[in-house]
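K.L.:
Below you'll find target-v7.cif; it's mmCIF, N, CA and C atoms.
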data_my_file
loop_
_atom_site.label_atom_id
_atom_site.label_comp_id
_atom_site.auth_asym_id
_atom_site.auth_seq_id
_atom_site.Cartn_x
_atom_site.Cartn_y
_atom_site.Cartn_z
N MET A 20 165.51 -24.55 51.16
CA MET A 20 164.32 -25.22 51.66
C MET A 20 164.63 -25.84 53.01
N GLU A 21 163.77 -25.61 53.98
CA GLU A 21 163.96 -26.19 55.30
C GLU A 21 163.66 -27.68 55.26
N THR A 22 164.32 -28.43 56.12
CA THR A 22 164.16 -29.88 56.10
C THR A 22 162.82 -30.35 56.66
N ASN A 23 162.11 -29.51 57.39
CA ASN A 23 160.83 -29.94 57.95
C ASN A 23 159.65 -29.59 57.05
N GLN A 24 159.88 -29.04 55.88
CA GLN A 24 158.81 -28.71 54.95
C GLN A 24 158.61 -29.86 53.96
N MET A 25 157.35 -30.14 53.65
CA MET A 25 157.05 -31.17 52.66
C MET A 25 157.11 -30.55 51.27
N PRO A 26 157.65 -31.26 50.29
CA PRO A 26 157.76 -30.73 48.92
C PRO A 26 156.42 -30.74 48.18
N TYR A 27 155.36 -31.27 48.78
CA TYR A 27 154.05 -31.34 48.14
C TYR A 27 152.98 -31.14 49.21
N ALA A 28 151.80 -30.76 48.77
CA ALA A 28 150.69 -30.56 49.70
C ALA A 28 150.13 -31.91 50.14
N LEU A 29 149.87 -32.05 51.40
CA LEU A 29 149.32 -33.28 51.95
C LEU A 29 147.84 -33.06 52.22
N ASP A 30 146.99 -33.86 51.58
CA ASP A 30 145.55 -33.74 51.75
C ASP A 30 145.09 -34.83 52.69
N ALA A 31 144.98 -34.50 53.97
CA ALA A 31 144.61 -35.49 54.98
C ALA A 31 143.22 -36.05 54.74
N GLN A 32 142.30 -35.24 54.25
CA GLN A 32 140.94 -35.71 53.97
C GLN A 32 140.96 -36.78 52.88
N ALA A 33 141.71 -36.54 51.81
CA ALA A 33 141.79 -37.52 50.73
C ALA A 33 142.44 -38.81 51.21
N LEU A 34 143.49 -38.69 52.01
CA LEU A 34 144.17 -39.88 52.52
C LEU A 34 143.28 -40.70 53.45
N SER A 35 142.38 -40.04 54.16
CA SER A 35 141.49 -40.77 55.08
C SER A 35 140.47 -41.60 54.33
N GLN A 36 140.33 -41.39 53.03
CA GLN A 36 139.39 -42.15 52.21
C GLN A 36 140.00 -43.43 51.65
N LEU A 37 141.29 -43.67 51.90
CA LEU A 37 142.00 -44.83 51.36
C LEU A 37 142.30 -45.83 52.46
N ILE A 38 141.97 -47.09 52.21
CA ILE A 38 142.24 -48.17 53.16
C ILE A 38 142.87 -49.31 52.38
N SER A 39 143.94 -49.89 52.89
CA SER A 39 144.60 -51.02 52.24
C SER A 39 144.90 -52.09 53.28
N GLY A 40 144.99 -53.31 52.82
CA GLY A 40 145.34 -54.39 53.72
C GLY A 40 145.40 -55.72 52.99
N SER A 41 145.60 -56.77 53.75
CA SER A 41 145.60 -58.12 53.18
C SER A 41 145.11 -59.10 54.23
N LYS A 42 144.63 -60.22 53.75
CA LYS A 42 144.13 -61.28 54.63
C LYS A 42 144.52 -62.60 53.99
N SER A 43 145.03 -63.52 54.81
CA SER A 43 145.44 -64.82 54.29
C SER A 43 144.59 -65.93 54.89
N PHE A 44 144.32 -66.91 54.06
CA PHE A 44 143.63 -68.14 54.44
C PHE A 44 144.53 -69.28 53.98
N GLY A 45 145.48 -69.65 54.84
CA GLY A 45 146.48 -70.64 54.43
C GLY A 45 147.30 -70.07 53.29
N PRO A 46 147.40 -70.78 52.16
CA PRO A 46 148.21 -70.31 51.04
C PRO A 46 147.54 -69.25 50.17
N LEU A 47 146.27 -68.91 50.46
CA LEU A 47 145.55 -67.88 49.71
C LEU A 47 145.69 -66.53 50.41
N THR A 48 146.12 -65.52 49.66
CA THR A 48 146.21 -64.16 50.20
C THR A 48 145.39 -63.22 49.34
N ILE A 49 144.57 -62.41 50.02
CA ILE A 49 143.77 -61.39 49.35
C ILE A 49 144.36 -60.03 49.73
N ASN A 50 144.79 -59.28 48.74
CA ASN A 50 145.27 -57.91 48.93
C ASN A 50 144.19 -56.97 48.45
N TYR A 51 143.83 -55.98 49.28
CA TYR A 51 142.74 -55.09 48.90
C TYR A 51 143.10 -53.63 49.17
N HIS A 52 142.47 -52.78 48.38
CA HIS A 52 142.61 -51.33 48.50
C HIS A 52 141.22 -50.77 48.28
N ILE A 53 140.73 -49.96 49.21
CA ILE A 53 139.43 -49.34 49.05
C ILE A 53 139.59 -47.83 49.01
N ASP A 54 138.92 -47.24 48.05
CA ASP A 54 138.88 -45.78 47.94
C ASP A 54 137.43 -45.38 48.22
N LEU A 55 137.19 -44.87 49.41
CA LEU A 55 135.84 -44.52 49.83
C LEU A 55 135.27 -43.33 49.09
N SER A 56 136.12 -42.54 48.44
CA SER A 56 135.63 -41.39 47.70
C SER A 56 134.91 -41.81 46.42
N VAL A 57 135.17 -43.03 45.92
CA VAL A 57 134.54 -43.48 44.67
C VAL A 57 133.14 -44.05 44.92
N PRO A 58 132.79 -44.97 45.76
CA PRO A 58 133.61 -45.96 46.46
C PRO A 58 133.94 -47.15 45.55
N GLN A 59 135.10 -47.75 45.82
CA GLN A 59 135.58 -48.85 44.99
C GLN A 59 136.60 -49.68 45.75
N VAL A 60 136.55 -50.99 45.57
CA VAL A 60 137.52 -51.91 46.15
C VAL A 60 138.29 -52.54 44.99
N SER A 61 139.60 -52.49 45.05
CA SER A 61 140.43 -53.14 44.04
C SER A 61 141.46 -54.00 44.76
N GLY A 62 142.10 -54.87 44.02
CA GLY A 62 143.14 -55.70 44.62
C GLY A 62 143.40 -56.93 43.79
N ASN A 63 143.94 -57.96 44.46
CA ASN A 63 144.23 -59.21 43.78
C ASN A 63 144.24 -60.35 44.79
N ALA A 64 144.28 -61.55 44.26
CA ALA A 64 144.37 -62.74 45.09
C ALA A 64 145.52 -63.59 44.58
N THR A 65 146.29 -64.16 45.51
CA THR A 65 147.38 -65.05 45.14
C THR A 65 147.23 -66.37 45.88
N LEU A 66 147.67 -67.42 45.24
CA LEU A 66 147.69 -68.75 45.83
C LEU A 66 149.12 -69.24 45.75
N PHE A 67 149.73 -69.51 46.89
CA PHE A 67 151.15 -69.86 46.96
C PHE A 67 152.01 -68.80 46.29
N GLY A 68 151.58 -67.52 46.39
CA GLY A 68 152.33 -66.40 45.82
C GLY A 68 152.11 -66.16 44.34
N VAL A 69 151.27 -66.96 43.69
CA VAL A 69 151.00 -66.83 42.27
C VAL A 69 149.61 -66.20 42.09
N SER A 70 149.52 -65.17 41.26
CA SER A 70 148.25 -64.47 41.05
C SER A 70 147.19 -65.41 40.47
N ILE A 71 146.00 -65.37 41.06
CA ILE A 71 144.86 -66.12 40.50
C ILE A 71 143.75 -65.16 40.07
N GLY A 72 143.99 -63.86 40.13
CA GLY A 72 143.01 -62.93 39.61
C GLY A 72 143.04 -61.58 40.28
N SER A 73 142.37 -60.64 39.62
CA SER A 73 142.26 -59.27 40.11
C SER A 73 140.84 -59.02 40.61
N ILE A 74 140.74 -58.02 41.48
CA ILE A 74 139.47 -57.67 42.10
C ILE A 74 139.15 -56.22 41.77
N LEU A 75 137.93 -55.96 41.29
CA LEU A 75 137.43 -54.60 41.12
C LEU A 75 135.95 -54.63 41.46
N ILE A 76 135.61 -54.01 42.58
CA ILE A 76 134.23 -54.00 43.08
C ILE A 76 133.81 -52.55 43.27
N ASN A 77 132.60 -52.23 42.80
CA ASN A 77 132.03 -50.91 43.01
C ASN A 77 130.53 -51.06 43.19
N THR A 78 129.82 -49.96 43.29
CA THR A 78 128.38 -50.03 43.55
C THR A 78 127.61 -50.66 42.39
N GLN A 79 128.12 -50.56 41.16
CA GLN A 79 127.47 -51.19 40.01
C GLN A 79 127.80 -52.67 39.90
N ASN A 80 128.93 -53.07 40.45
CA ASN A 80 129.40 -54.46 40.39
C ASN A 80 129.89 -54.84 41.79
N PRO A 81 128.95 -55.13 42.74
CA PRO A 81 129.34 -55.33 44.14
C PRO A 81 129.91 -56.71 44.47
N THR A 82 129.91 -57.65 43.52
CA THR A 82 130.39 -59.00 43.79
C THR A 82 131.39 -59.43 42.72
N VAL A 83 132.46 -60.08 43.16
CA VAL A 83 133.42 -60.66 42.23
C VAL A 83 133.75 -62.07 42.70
N SER A 84 133.85 -62.99 41.76
CA SER A 84 134.25 -64.37 42.05
C SER A 84 135.47 -64.70 41.22
N LEU A 85 136.42 -65.39 41.81
CA LEU A 85 137.60 -65.83 41.08
C LEU A 85 138.16 -67.07 41.75
N GLY A 86 139.03 -67.71 41.04
CA GLY A 86 139.64 -68.92 41.58
C GLY A 86 140.70 -69.42 40.64
N GLY A 87 141.39 -70.45 41.09
CA GLY A 87 142.41 -71.02 40.26
C GLY A 87 143.17 -72.12 40.97
N SER A 88 144.01 -72.78 40.19
CA SER A 88 144.84 -73.86 40.71
C SER A 88 146.30 -73.50 40.50
N VAL A 89 147.10 -73.82 41.50
CA VAL A 89 148.55 -73.63 41.42
C VAL A 89 149.18 -74.88 42.01
N GLY A 90 149.90 -75.61 41.17
CA GLY A 90 150.54 -76.83 41.66
C GLY A 90 149.54 -77.79 42.28
N PHE A 91 149.70 -78.08 43.54
CA PHE A 91 148.84 -79.03 44.23
C PHE A 91 147.72 -78.36 45.03
N GLY A 92 147.49 -77.06 44.79
CA GLY A 92 146.46 -76.35 45.54
C GLY A 92 145.46 -75.68 44.62
N LYS A 93 144.27 -75.42 45.16
CA LYS A 93 143.26 -74.67 44.42
C LYS A 93 142.46 -73.83 45.39
N ALA A 94 141.90 -72.75 44.86
CA ALA A 94 141.11 -71.84 45.69
C ALA A 94 139.97 -71.26 44.88
N ASP A 95 138.84 -71.08 45.56
CA ASP A 95 137.69 -70.36 45.01
C ASP A 95 137.34 -69.27 46.00
N LEU A 96 137.04 -68.09 45.48
CA LEU A 96 136.84 -66.92 46.32
C LEU A 96 135.72 -66.07 45.75
N THR A 97 134.81 -65.64 46.60
CA THR A 97 133.78 -64.66 46.23
C THR A 97 133.82 -63.54 47.26
N LEU A 98 133.92 -62.31 46.76
CA LEU A 98 133.90 -61.13 47.62
C LEU A 98 132.68 -60.30 47.26
N THR A 99 131.97 -59.83 48.28
CA THR A 99 130.79 -59.00 48.07
C THR A 99 130.88 -57.77 48.96
N ALA A 100 130.79 -56.60 48.35
CA ALA A 100 130.82 -55.35 49.10
C ALA A 100 129.41 -54.90 49.42
N ASN A 101 129.20 -54.53 50.65
CA ASN A 101 127.96 -53.92 51.10
C ASN A 101 128.33 -52.48 51.44
N PHE A 102 128.23 -51.59 50.46
CA PHE A 102 128.67 -50.20 50.66
C PHE A 102 127.79 -49.48 51.68
N ALA A 103 126.48 -49.78 51.70
CA ALA A 103 125.59 -49.16 52.69
C ALA A 103 125.94 -49.63 54.10
N GLY A 104 126.25 -50.93 54.24
CA GLY A 104 126.62 -51.50 55.54
C GLY A 104 128.08 -51.35 55.87
N LYS A 105 128.87 -50.81 54.93
CA LYS A 105 130.30 -50.54 55.12
C LYS A 105 131.08 -51.79 55.50
N GLU A 106 130.94 -52.86 54.67
CA GLU A 106 131.70 -54.07 54.92
C GLU A 106 131.98 -54.82 53.62
N LEU A 107 133.04 -55.62 53.65
CA LEU A 107 133.38 -56.50 52.54
C LEU A 107 133.33 -57.92 53.08
N ASP A 108 132.45 -58.73 52.49
CA ASP A 108 132.26 -60.11 52.93
C ASP A 108 132.98 -61.07 51.99
N TYR A 109 133.37 -62.22 52.54
CA TYR A 109 134.08 -63.23 51.75
C TYR A 109 133.42 -64.59 51.90
N ASP A 110 133.63 -65.41 50.87
CA ASP A 110 133.30 -66.83 50.89
C ASP A 110 134.49 -67.52 50.23
N VAL A 111 135.20 -68.34 50.99
CA VAL A 111 136.48 -68.89 50.55
C VAL A 111 136.50 -70.40 50.71
N ASP A 112 137.09 -71.07 49.72
CA ASP A 112 137.33 -72.51 49.77
C ASP A 112 138.75 -72.73 49.26
N VAL A 113 139.64 -73.19 50.13
CA VAL A 113 141.04 -73.43 49.77
C VAL A 113 141.37 -74.89 50.04
N GLU A 114 141.96 -75.55 49.04
CA GLU A 114 142.37 -76.95 49.18
C GLU A 114 143.83 -77.11 48.77
N ALA A 115 144.50 -78.04 49.39
CA ALA A 115 145.87 -78.40 49.02
C ALA A 115 146.00 -79.90 49.14
N VAL A 116 146.56 -80.53 48.13
CA VAL A 116 146.76 -81.98 48.08
C VAL A 116 145.44 -82.71 48.36
N GLY A 117 144.34 -82.16 47.83
CA GLY A 117 143.05 -82.79 47.97
C GLY A 117 142.38 -82.65 49.33
N HIS A 118 142.96 -81.87 50.23
CA HIS A 118 142.40 -81.67 51.56
C HIS A 118 142.00 -80.21 51.76
N THR A 119 140.93 -79.99 52.49
CA THR A 119 140.48 -78.63 52.77
C THR A 119 141.44 -77.95 53.75
N VAL A 120 141.98 -76.82 53.34
CA VAL A 120 142.83 -76.00 54.20
C VAL A 120 141.96 -75.01 54.95
N TYR A 121 141.02 -74.38 54.23
CA TYR A 121 140.09 -73.44 54.84
C TYR A 121 138.83 -73.41 53.99
N LYS A 122 137.69 -73.44 54.65
CA LYS A 122 136.41 -73.27 53.98
C LYS A 122 135.53 -72.48 54.93
N GLY A 123 135.08 -71.30 54.49
CA GLY A 123 134.25 -70.49 55.36
C GLY A 123 133.88 -69.17 54.73
N SER A 124 133.12 -68.40 55.50
CA SER A 124 132.68 -67.10 55.04
C SER A 124 132.60 -66.16 56.24
N GLY A 125 132.57 -64.87 55.95
CA GLY A 125 132.49 -63.88 57.01
C GLY A 125 132.81 -62.50 56.49
N LYS A 126 133.15 -61.58 57.38
CA LYS A 126 133.52 -60.22 57.04
C LYS A 126 135.03 -60.15 56.86
N LEU A 127 135.46 -59.71 55.69
CA LEU A 127 136.89 -59.51 55.48
C LEU A 127 137.34 -58.26 56.21
N PHE A 128 136.55 -57.17 56.11
CA PHE A 128 136.81 -55.97 56.89
C PHE A 128 135.59 -55.06 56.84
N THR A 129 135.56 -54.11 57.76
CA THR A 129 134.52 -53.08 57.78
C THR A 129 135.21 -51.73 57.78
N TRP A 130 134.49 -50.72 57.38
CA TRP A 130 135.04 -49.37 57.37
C TRP A 130 134.04 -48.38 57.93
#
Represent the supplied structure as structure tokens.
P.N.:
Amino acid sequence: METNQMPYALDAQALSQLISGSKSFGPLTINYHIDLSVPQVSGNATLFGVSIGSILINTQNPTVSLGGSVGFGKADLTLTANFAGKELDYDVDVEAVGHTVYKGSGKLFTW
């Protein structure tokens, strides 16, 4: 086998349908993966590196809310997918030691 040959078929079209990334708001991190062929958004949220929930959004369930407390911090998060508008919106409230670290809303990403 030549070294420049791939041992498996690469489907560029299928790969172009997958998008992954993360966004942090202070100690809150949102990890997301979108498969445009479904379409579906999955992922998780962590606060200070500790999981506070999983995300699964699709056309039948376009909004997910989760939150939790870890040590001296807490976070509330709502994500809403607009599949027709090709965007994922967020509403986030993060506090640590009783003080607001981040509170806001906007577009997490567009595709």
K.L.:
One decimal, in Å: what's the spacing between atom CA of A:Phe102 and atom CA of A:Thr78?
P.N.:
7.1 Å
K.L.:
Apply the PyMOL selection byres ((chain A and resi 90-95) around 6) to the displayed file and report the matching residues as a list in words.
P.N.:
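On the file shown, the PyMOL selection byres ((chain A and resi 90-95) around 6) covers Leu85, Gly86, Gly87, Ser88, Val89, Leu96, Thr97, Asp110, Val111, Asp112, Val113, Glu114, Ala115, Val116 and Gly117 of chain A.
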K.L.:
Please expand the PyMOL selection byres (((chain A and resi 66 and name CA) around 6) and name CA) into the concrete residues it hits in this file, giving the result as JSON, numbers by chain.
P.N.:
{"A": [46, 47, 65, 67, 68, 69]}
K.L.:
Can you list, as a list in words, every residue of stretch 21-123 of chain A that DSSP puts in helix (DSSP H, G or I)?
P.N.:
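These are the residues in question: Ala31, Gln32, Ala33 and Leu34 of chain A.
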K.L.:
Using the chain letters and numbering of this document, enumerate as a VMD selection string the residues selected by the PyMOL selection byres ((chain A and resi 53) around 7).
P.N.:
chain A and resid 36 to 40 51 to 52 54 to 56 58 to 61
K.L.:
Could you please determine the separation between atom C of A:His118 and atom N of A:Gly45 in Å, to one decimal place?
P.N.:
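Interatomic distance, atom C of A:His118 to atom N of A:Gly45: 11.5 Å.
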K.L.:
Quick one: everything within 8 Å of A:Phe44, counting only N, CA and C atoms, minus sequence neighbours fewer than 6 positions away in the same chain. Send it as a ChimeraX atom specification.
P.N.:
/A:113,120-122
K.L.:
Just to confirm, what's the straight-line distance from atom CA of A:Ala100 to atom C of A:Leu127 in Å (one decimal)?
P.N.:
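Atom-to-atom, atom CA of A:Ala100 to atom C of A:Leu127, that is 10.1 Å.
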K.L.:
What lies within 8 Å of A:Leu107 using all atoms listed in the file, ignoring chain neighbours under 6 positions off, as JSON, numbers by chain?
P.N.:
{"A": [98, 99, 100, 101, 125, 126, 127, 128, 129, 130]}
K.L.:
With only C-alpha atoms as the basis for distance, which of A:Gly62, A:Ser124, A:Tyr109, A:Asn50 is at the shortest distance from A:Leu75?
P.N.:
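Of the candidates, the smallest distance to A:Leu75 is held by A:Gly62.
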K.L.:
For the structure I just gave you, how does DSSP split chain A - specifically, which residues are strand (DSSP E or B)? Reply as a PyMOL selection string.
P.N.:
chain A and resi 37-44+47-54+59-66+69-77+82-89+92-101+106-115+118-129
